Structures are given as structure tokens and as C-alpha cells.
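As provided, target.cif (mmCIF, C-alpha atoms) reads as follows.
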```
data_query
loop_
_atom_site.group_PDB
_atom_site.id
_atom_site.type_symbol
_atom_site.label_atom_id
_atom_site.label_comp_id
_atom_site.auth_asym_id
_atom_site.auth_seq_id
_atom_site.Cartn_x
_atom_site.Cartn_y
_atom_site.Cartn_z
ATOM 1 C CA MET A 294 94.391 130.576 85.419
ATOM 2 C CA THR A 295 93.486 130.118 89.035
ATOM 3 C CA ILE A 296 95.633 128.707 91.811
ATOM 4 C CA ASP A 297 93.484 125.548 91.799
ATOM 5 C CA GLN A 298 94.288 124.856 88.171
ATOM 6 C CA LEU A 299 97.957 125.510 88.771
ATOM 7 C CA LEU A 300 97.933 123.026 91.634
ATOM 8 C CA VAL A 301 96.227 120.400 89.441
ATOM 9 C CA TYR A 302 98.978 120.844 86.840
ATOM 10 C CA PHE A 303 101.661 120.736 89.518
ATOM 11 C CA PHE A 304 100.354 117.539 91.106
ATOM 12 C CA GLY A 305 99.846 115.985 87.682
ATOM 13 C CA ALA A 306 103.453 116.745 86.765
ATOM 14 C CA CYS A 307 104.588 115.218 90.068
ATOM 15 C CA ALA A 308 102.573 112.068 89.347
ATOM 16 C CA LEU A 309 104.137 111.827 85.903
ATOM 17 C CA LEU A 310 107.601 112.277 87.367
ATOM 18 C CA GLY A 311 106.919 109.531 89.909
ATOM 19 C CA GLY A 312 105.770 107.183 87.150
ATOM 20 C CA VAL A 313 108.913 107.822 85.115
ATOM 21 C CA LEU A 314 111.132 107.356 88.180
ATOM 22 C CA MET A 315 109.506 103.973 88.765
ATOM 23 C CA LEU A 316 110.910 102.741 85.465
ATOM 24 C CA VAL A 317 114.382 104.134 86.054
ATOM 25 C CA ALA A 318 115.047 103.386 89.724
ATOM 26 C CA ARG A 319 117.203 100.390 90.501
ATOM 27 C CA HIS A 320 116.292 99.240 94.002
ATOM 28 C CA PRO A 321 112.673 98.123 94.656
ATOM 29 C CA MET A 322 112.503 100.401 97.698
ATOM 30 C CA ARG A 323 113.152 103.444 95.506
ATOM 31 C CA VAL A 324 110.517 102.202 93.072
ATOM 32 C CA ALA A 325 108.095 101.911 96.003
ATOM 33 C CA LEU A 326 108.905 105.452 97.149
ATOM 34 C CA ALA A 327 108.392 106.757 93.605
ATOM 35 C CA LEU A 328 105.036 104.968 93.442
ATOM 36 C CA ILE A 329 104.029 106.391 96.826
ATOM 37 C CA SER A 330 104.869 109.919 95.688
ATOM 38 C CA CYS A 331 102.934 109.292 92.464
ATOM 39 C CA MET A 332 99.891 108.116 94.443
ATOM 40 C CA LEU A 333 100.091 111.069 96.845
ATOM 41 C CA SER A 334 100.261 113.476 93.901
ATOM 42 C CA LEU A 335 97.225 111.787 92.368
ATOM 43 C CA ALA A 336 95.432 112.209 95.708
ATOM 44 C CA GLY A 337 96.338 115.891 95.488
ATOM 45 C CA VAL A 338 94.847 116.031 91.994
ATOM 46 C CA TYR A 339 91.623 114.426 93.266
ATOM 47 C CA ALA A 340 91.431 116.840 96.193
ATOM 48 C CA MET A 341 91.945 119.799 93.852
ATOM 49 C CA LEU A 342 89.217 118.478 91.556
ATOM 50 C CA GLY A 343 86.850 118.366 94.527
ATOM 51 C CA VAL A 344 86.560 114.583 94.735
ATOM 52 C CA HIS A 345 87.520 114.518 98.377
ATOM 53 C CA VAL A 346 86.266 111.024 99.183
ATOM 54 C CA VAL A 347 88.468 109.414 96.561
ATOM 55 C CA ALA A 348 91.436 111.537 97.655
ATOM 56 C CA VAL A 349 91.037 110.470 101.285
ATOM 57 C CA PHE A 350 90.681 106.801 100.413
ATOM 58 C CA GLN A 351 93.572 106.981 97.988
ATOM 59 C CA VAL A 352 95.792 108.062 100.865
ATOM 60 C CA LEU A 353 94.252 105.719 103.442
ATOM 61 C CA ILE A 354 93.934 102.519 101.418
ATOM 62 C CA TYR A 355 96.589 102.798 98.741
ATOM 63 C CA VAL A 356 99.395 104.576 100.524
ATOM 64 C CA GLY A 357 98.404 103.579 104.040
ATOM 65 C CA ALA A 358 97.671 99.901 103.505
ATOM 66 C CA VAL A 359 98.768 98.554 100.128
ATOM 67 C CA MET A 360 102.072 100.380 99.843
ATOM 68 C CA VAL A 361 103.010 99.925 103.503
ATOM 69 C CA PHE A 362 102.457 96.202 102.980
ATOM 70 C CA MET A 363 104.625 96.361 99.860
ATOM 71 C CA VAL A 364 107.404 98.195 101.693
ATOM 72 C CA TYR A 365 107.344 95.564 104.458
ATOM 73 C CA VAL A 366 107.705 92.801 101.880
ATOM 74 C CA ILE A 367 110.599 94.614 100.213
ATOM 75 C CA MET A 368 112.359 94.857 103.574
ATOM 76 C CA LEU A 369 111.554 91.191 104.256
ATOM 77 C CA LEU A 370 113.042 90.051 100.944
ATOM 78 C CA ASP A 371 116.070 92.285 101.034
ATOM 79 C CA VAL A 372 118.317 89.808 99.285
ATOM 80 C CA ARG A 373 121.129 90.897 97.054
ATOM 81 C CA ASP A 374 119.412 90.056 93.861
ATOM 82 C CA PRO A 375 120.724 89.971 90.283
ATOM 83 C CA SER A 376 117.596 91.862 89.257
ATOM 84 C CA PHE A 377 118.816 94.847 91.288
ATOM 85 C CA VAL A 378 121.900 95.188 89.110
ATOM 86 C CA ARG A 379 120.414 94.343 85.730
ATOM 87 C CA ARG A 380 117.155 96.249 85.811
ATOM 88 C CA TYR A 381 115.765 95.469 82.403
ATOM 89 C CA SER A 382 114.881 92.237 80.686
ATOM 90 C CA HIS A 383 115.571 91.533 77.030
ATOM 91 C CA LEU A 384 112.128 92.949 76.229
ATOM 92 C CA LEU A 385 113.403 96.500 76.838
ATOM 93 C CA LEU A 386 113.223 97.789 73.278
ATOM 94 C CA PRO A 387 109.897 96.186 72.234
ATOM 95 C CA GLY A 388 108.394 97.184 75.570
ATOM 96 C CA ILE A 389 109.306 100.829 75.169
ATOM 97 C CA VAL A 390 108.136 100.864 71.535
ATOM 98 C CA LEU A 391 104.819 99.260 72.501
ATOM 99 C CA GLY A 392 104.333 101.658 75.410
ATOM 100 C CA ALA A 393 105.060 104.672 73.220
ATOM 101 C CA LEU A 394 102.630 103.375 70.576
ATOM 102 C CA LEU A 395 99.924 102.796 73.193
ATOM 103 C CA ALA A 396 100.429 106.217 74.789
ATOM 104 C CA GLY A 397 100.405 107.844 71.343
ATOM 105 C CA ALA A 398 97.229 106.093 70.231
ATOM 106 C CA LEU A 399 95.408 106.849 73.492
ATOM 107 C CA GLY A 400 96.666 110.446 73.443
ATOM 108 C CA VAL A 401 95.420 110.975 69.896
ATOM 109 C CA SER A 402 92.025 109.593 70.879
ATOM 110 C CA ALA A 403 91.969 111.922 73.897
ATOM 111 C CA MET A 404 92.813 114.922 71.714
ATOM 112 C CA ARG A 405 90.076 113.930 69.287
ATOM 113 C CA LEU A 406 87.530 114.274 72.062
ATOM 114 C CA GLY A 407 87.716 118.006 71.442
ATOM 115 C CA GLY A 408 85.921 119.302 74.455
ATOM 116 C CA PRO A 409 83.175 117.755 76.496
ATOM 117 C CA VAL A 410 81.489 115.295 74.163
ATOM 118 C CA ILE A 411 79.816 113.707 77.135
ATOM 119 C CA ARG A 412 77.222 116.155 78.245
ATOM 120 C CA PRO A 413 76.543 116.302 81.968
ATOM 121 C CA VAL A 414 73.307 114.629 82.914
ATOM 122 C CA ALA A 415 70.545 117.087 83.604
ATOM 123 C CA GLY A 416 69.983 117.827 87.248
ATOM 124 C CA ALA A 417 72.189 118.820 90.094
ATOM 125 C CA ALA A 418 75.832 117.774 89.968
ATOM 126 C CA PRO A 419 76.567 115.148 92.609
ATOM 127 C CA SER A 420 78.401 116.160 95.715
ATOM 128 C CA TYR A 421 81.630 114.364 96.462
ATOM 129 C CA LEU A 422 81.721 115.356 100.106
ATOM 130 C CA VAL A 423 81.836 112.440 102.490
ATOM 131 C CA GLN A 424 78.314 112.500 103.893
ATOM 132 C CA PRO A 425 76.249 112.939 100.704
ATOM 133 C CA PHE A 426 78.502 110.530 98.884
ATOM 134 C CA SER A 427 78.212 107.782 101.471
ATOM 135 C CA VAL A 428 74.436 108.189 101.772
ATOM 136 C CA GLU A 429 74.085 107.909 98.007
ATOM 137 C CA PHE A 430 76.629 105.083 97.853
ATOM 138 C CA LEU A 431 74.888 102.906 100.419
ATOM 139 C CA ARG A 432 71.438 103.692 99.075
ATOM 140 C CA GLU A 433 72.117 102.906 95.417
ATOM 141 C CA TYR A 434 75.070 100.560 95.445
ATOM 142 C CA TRP A 435 74.669 98.579 98.687
ATOM 143 C CA LEU A 436 74.617 95.270 96.811
ATOM 144 C CA HIS A 437 77.973 95.973 95.169
ATOM 145 C CA PHE A 438 79.351 97.059 98.511
ATOM 146 C CA GLU A 439 78.276 93.775 100.095
ATOM 147 C CA LEU A 440 79.613 91.745 97.168
ATOM 148 C CA THR A 441 83.070 93.236 97.651
ATOM 149 C CA SER A 442 83.149 91.570 101.067
ATOM 150 C CA VAL A 443 82.728 88.215 99.314
ATOM 151 C CA LEU A 444 85.697 89.106 97.095
ATOM 152 C CA LEU A 445 87.786 90.040 100.127
ATOM 153 C CA VAL A 446 86.943 86.783 101.916
ATOM 154 C CA ALA A 447 87.892 84.848 98.778
ATOM 155 C CA ALA A 448 91.197 86.750 98.630
ATOM 156 C CA VAL A 449 91.988 85.981 102.282
ATOM 157 C CA VAL A 450 91.188 82.286 101.824
ATOM 158 C CA ALA A 451 93.319 82.172 98.674
ATOM 159 C CA ALA A 452 96.255 83.848 100.419
ATOM 160 C CA ILE A 453 96.080 81.315 103.288
ATOM 161 C CA ALA A 454 95.836 78.452 100.787
ATOM 162 C CA ILE A 455 98.915 79.671 98.904
ATOM 163 C CA ILE A 456 100.949 79.936 102.103
ATOM 164 C CA ARG A 457 99.834 76.478 103.264
ATOM 165 C CA SER A 458 100.580 74.803 99.941
ATOM 166 C CA GLY A 459 104.055 76.338 99.997
ATOM 167 C CA ARG A 460 104.661 74.928 103.484
ATOM 168 C CA ARG A 461 103.550 71.471 102.381
ATOM 169 C CA SER A 462 105.942 71.469 99.421
ATOM 170 C CA ASP A 463 108.782 72.550 101.717
ATOM 171 C CA GLY A 464 108.345 69.851 104.272
ATOM 172 C CA MET B 202 87.379 121.931 78.425
ATOM 173 C CA ALA B 203 91.093 121.361 78.246
ATOM 174 C CA ASP B 204 91.355 120.031 81.759
ATOM 175 C CA THR B 205 89.449 116.885 80.903
ATOM 176 C CA GLN B 206 91.742 116.137 77.997
ATOM 177 C CA LEU B 207 94.779 116.864 80.118
ATOM 178 C CA LEU B 208 93.681 114.537 82.917
ATOM 179 C CA LEU B 209 92.776 111.821 80.431
ATOM 180 C CA GLY B 210 96.152 112.234 78.764
ATOM 181 C CA LEU B 211 97.889 111.970 82.130
ATOM 182 C CA SER B 212 95.925 108.827 82.889
ATOM 183 C CA PHE B 213 96.835 107.283 79.525
ATOM 184 C CA VAL B 214 100.508 108.112 79.921
ATOM 185 C CA LEU B 215 100.561 106.643 83.433
ATOM 186 C CA PHE B 216 98.872 103.493 82.146
ATOM 187 C CA ALA B 217 101.433 103.151 79.360
ATOM 188 C CA LEU B 218 104.263 103.690 81.850
ATOM 189 C CA GLY B 219 102.852 100.929 84.053
ATOM 190 C CA LEU B 220 102.519 98.578 81.093
ATOM 191 C CA VAL B 221 106.082 99.286 79.980
ATOM 192 C CA GLY B 222 107.221 98.665 83.552
ATOM 193 C CA VAL B 223 105.518 95.280 83.700
ATOM 194 C CA MET B 224 107.094 94.269 80.397
ATOM 195 C CA VAL B 225 110.550 95.691 80.883
ATOM 196 C CA ARG B 226 111.563 95.238 84.506
ATOM 197 C CA ARG B 227 113.006 91.974 85.830
ATOM 198 C CA ASN B 228 112.159 92.261 89.518
ATOM 199 C CA ALA B 229 108.859 90.586 90.458
ATOM 200 C CA LEU B 230 108.010 93.154 93.143
ATOM 201 C CA VAL B 231 108.686 96.039 90.768
ATOM 202 C CA MET B 232 106.361 94.413 88.229
ATOM 203 C CA LEU B 233 103.645 94.241 90.904
ATOM 204 C CA MET B 234 104.111 97.915 91.681
ATOM 205 C CA CYS B 235 103.850 98.783 87.999
ATOM 206 C CA MET B 236 100.521 96.959 87.965
ATOM 207 C CA GLU B 237 99.437 99.210 90.837
ATOM 208 C CA LEU B 238 100.443 102.183 88.701
ATOM 209 C CA MET B 239 98.163 100.924 85.926
ATOM 210 C CA LEU B 240 95.290 100.629 88.402
ATOM 211 C CA ASN B 241 95.961 104.186 89.538
ATOM 212 C CA ALA B 242 95.803 105.395 85.953
ATOM 213 C CA VAL B 243 92.421 103.681 85.542
ATOM 214 C CA ILE B 244 91.195 105.355 88.732
ATOM 215 C CA LEU B 245 92.250 108.744 87.385
ATOM 216 C CA ALA B 246 90.333 108.088 84.148
ATOM 217 C CA LEU B 247 87.255 107.001 86.124
ATOM 218 C CA VAL B 248 87.345 110.128 88.284
ATOM 219 C CA THR B 249 87.731 112.292 85.202
ATOM 220 C CA PHE B 250 84.752 110.691 83.479
ATOM 221 C CA SER B 251 82.735 110.846 86.692
ATOM 222 C CA LEU B 252 83.366 114.594 86.873
ATOM 223 C CA GLU B 253 82.685 115.013 83.180
ATOM 224 C CA THR B 254 79.330 113.265 83.220
ATOM 225 C CA ALA B 255 78.421 114.583 86.688
ATOM 226 C CA THR B 256 77.396 111.131 87.849
ATOM 227 C CA LEU B 257 78.391 109.248 90.943
ATOM 228 C CA SER B 258 78.909 105.813 89.429
ATOM 229 C CA GLY B 259 82.501 106.531 88.417
ATOM 230 C CA ALA B 260 83.451 107.318 91.996
ATOM 231 C CA VAL B 261 81.644 104.178 93.167
ATOM 232 C CA LEU B 262 83.641 102.135 90.649
ATOM 233 C CA VAL B 263 86.780 103.680 92.109
ATOM 234 C CA PHE B 264 85.865 102.133 95.453
ATOM 235 C CA LEU B 265 85.391 98.745 93.872
ATOM 236 C CA ILE B 266 88.839 99.147 92.274
ATOM 237 C CA PHE B 267 90.301 99.888 95.702
ATOM 238 C CA VAL B 268 88.896 96.583 96.929
ATOM 239 C CA VAL B 269 90.203 94.746 93.865
ATOM 240 C CA ALA B 270 93.651 96.278 94.394
ATOM 241 C CA ALA B 271 93.690 95.188 98.036
ATOM 242 C CA ALA B 272 92.633 91.653 97.086
ATOM 243 C CA GLU B 273 95.202 91.548 94.290
ATOM 244 C CA ILE B 274 98.017 92.576 96.608
ATOM 245 C CA ALA B 275 96.853 90.095 99.263
ATOM 246 C CA ILE B 276 97.119 87.222 96.782
ATOM 247 C CA ALA B 277 100.108 88.375 94.737
ATOM 248 C CA ILE B 278 102.444 88.963 97.677
ATOM 249 C CA PRO B 279 102.188 85.363 99.013
ATOM 250 C CA ILE B 280 102.823 84.074 95.495
ATOM 251 C CA VAL B 281 105.938 86.238 95.195
ATOM 252 C CA LEU B 282 107.047 85.099 98.651
ATOM 253 C CA GLN B 283 106.711 81.445 97.651
ATOM 254 C CA LEU B 284 108.544 82.014 94.371
ATOM 255 C CA SER B 285 111.392 83.831 96.048
ATOM 256 C CA ARG B 286 111.619 81.123 98.706
ATOM 257 C CA GLN B 287 111.897 78.400 96.070
ATOM 258 C CA ARG B 288 114.322 80.197 93.772
ATOM 259 C CA SER B 289 115.901 82.497 96.366
ATOM 260 C CA SER B 290 115.657 85.231 93.770
ATOM 261 C CA LEU B 291 113.178 87.867 92.660
ATOM 262 C CA ASP B 292 114.371 87.743 89.066
ATOM 263 C CA VAL B 293 111.484 86.685 86.839
ATOM 264 C CA GLU B 294 113.905 85.409 84.219
ATOM 265 C CA GLY B 295 114.931 82.723 86.704
ATOM 266 C CA TYR B 296 111.376 81.440 86.980
ATOM 267 C CA ASP B 297 111.674 79.091 84.033
ATOM 268 C CA ARG B 298 110.044 76.000 85.443
ATOM 269 C CA LEU B 299 106.832 76.703 83.520
ATOM 270 C CA LYS B 300 108.721 76.804 80.217
ATOM 271 C CA GLY B 301 107.997 73.886 77.903
#
```
Kindly present the structure from the file in C-alpha cells form.
Amino acid sequence: MTIDQLLVYFFGACALLGGVLMLVARHPMRVALALISCMLSLAGVYAMLGVHVVAVFQVLIYVGAVMVFMVYVIMLLDVRDPSFVRRYSHLLLPGIVLGALLAGALGVSAMRLGGPVIRPVAGAAPSYLVQPFSVEFLREYWLHFELTSVLLVAAVVAAIAIIRSGRRSDG
Amino acid sequence: MADTQLLLGLSFVLFALGLVGVMVRRNALVMLMCMELMLNAVILALVTFSLETATLSGAVLVFLIFVVAAAEIAIAIPIVLQLSRQRSSLDVEGYDRLKG
């Protein structure tokens, strides 16, 4: 077992721990910190697997943008809330049973894979370094890349519309 | 190889944890973060399959998921802000106006 493999296991265990802490923690800020540590551990897993582009963007976009935004909102809405004291809804037992069933079923299906059923496509393995990846990305998938900008514009317009409609109902 | 199964198992467990979080927690922001955890689990599965098949499309899909996550957060946070302004609470059990 090499040091790389050990690090993959270590970061995977950290991600799992972060996910479990998210369910247990009481205050939303602690949940956010657990999620951030989970995401950083996953970025470590990606970096150890050699998928550097995804690791970098996981840190930059997820932790750097999405979660910072989330932390700001948590600080903005820091009201003493009844949901801080009573963490769980009445769906606690069915939720846990359903989650355990889902994890069990998916785990069994993963164990049934029994090694690499999906054979690697013939030819050179793709490089996940930044330059070859971005050249390939913008050569093959430029249409998808452009279409995401449409999605982002739609999201921005929707966010502005939601804020404006809330103002109108207030006044 | 065992690593693929292990990573897939980790992804499945994280997804189940996120689903349980969305169902079980009462705080609206915590539910949003559990949805992010589910997206992260999907990204891990995509990366694993991309490595397994030695194709690039899985990693490209990961980028599209990043964009979807950013758009989702940009829309969901204003909705939560409006809800908490109307009810002055983040407790989803207090949001009963949509009940019949």
C-alpha cells in the first residue's frame, strides 16, 4: 500500500466524518464548517486520484464561493431559532431507516461490481492536468460550456425576481 | 480494483447521508447544505467513473454540476431569505401556509 492510497483512505474517512457531523451538529454554522471540511477532504481525494482540475475547482467554486455565501447568510440570519434547539423533525426514524436502506442497496450494488466491469476505452488515458483538460474541454464541449452561461443568466434573473416580489408583498 | 468500489461506496454513503439530512433536519439552511452534500456525492461518483472508463466526459459533467450548484444556491438563498423574513423563523415545520 503506497502513501497515495493511504492518503485517499484518510481523506475519504475525513469526508465521511464531515458528512456524519453535518447530521449531528446543532447550529447551522457548525453544519457549514462540517460541510466545508467534507468538501476539502473530497478535494484532497480528487488531488490524490490525479484529477487536479476538479480538485482545484472544488476548492475555488464550492468552498470559495458557494460555502462562503452560505456562511454569510447564516451570519445574516443569526436569529435564535427553535430549529437550533430541536434539531430533528418528526420524520427522524423513517428518514434514518430510508437512508440506511438506500445506502445498503447502493453498497450491495457497488460490491456486486466485482472489479472493473467497465473496461477503459482503448487509447491513451486522458490527462487531467489543467492545460490538456481545458483544450479538450473547449474543443469538444464548447456548446455545453456556452449553454451554462444561459443557465447562470436565468438563475440571476430568477434571484432578482424573487427579491423584488418579496419587496412588493412587504410594502 | 478495490479502490473503485471503495470510492463508489463512499459516494453512495455520502449521498444517503445528504438525503437523510434533507428529510430529518428542521432548519431550512441545513437542508440546503445537505443538498450540497448530495451534489458532492454525485461529483465523487462521476469522477470515479471518469477514471474507471478513462474518458473525459465525466470530468466535464462535473463542471456542469458546479454551475448547477452555483445556480441552485443563487436561487435557493433568496427564497430562504424571503421565507425567514415572512415567518421570522428558519424552521420548516412553521412553513405551513402551503398545507391544504
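This file, filtered with the PyMOL selection byres ((chain B and resi 211-216) around 8), gives the residues Gly305, Leu309, Gly312, Ala396, Leu399 and Gly400 of chain A; Leu207, Leu208, Leu209, Gly210, Ala217, Leu218, Gly219, Leu220, Leu238, Met239, Leu240, Asn241, Ala242, Val243, Leu245 and Ala246 of chain B.
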### Chain and number of each residue from the PyMOL selection byres ((chain A) within 7 of (chain B)), as an NGL selection string
:A and (309 or 312 or 316 or 321 or 324 or 359 or 374-376 or 380-382 or 384-385 or 388-389 or 392 or 395-396 or 399-400 or 403-404 or 408-409 or 411-414 or 418-419 or 430 or 441 or 445 or 448 or 451-452 or 455-456 or 459)
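One distance worth recording is that between CA of Leu300 (chain A) and CA of Gly343 (chain A), which is 12.4 Å.
Taking CA of His383 (chain A) as the reference point, CA of Ser330 (chain A) is found at 28.3 Å.
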### Query
CA of Ala308 (chain A) and CA of Ile329 (chain A) are how many Å apart?
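Atom-to-atom, CA of Ala308 (chain A) to CA of Ile329 (chain A), that is 9.5 Å.
For the point (109.8, 105.0, 89.4), the residues with at least one atom inside 8 Å, counting only C-alpha atoms, are Leu310, Gly311, Gly312, Val313, Leu314, Met315, Leu316, Val317, Ala318, Arg323, Val324, Ala325, Leu326, Ala327 and Leu328 of chain A.
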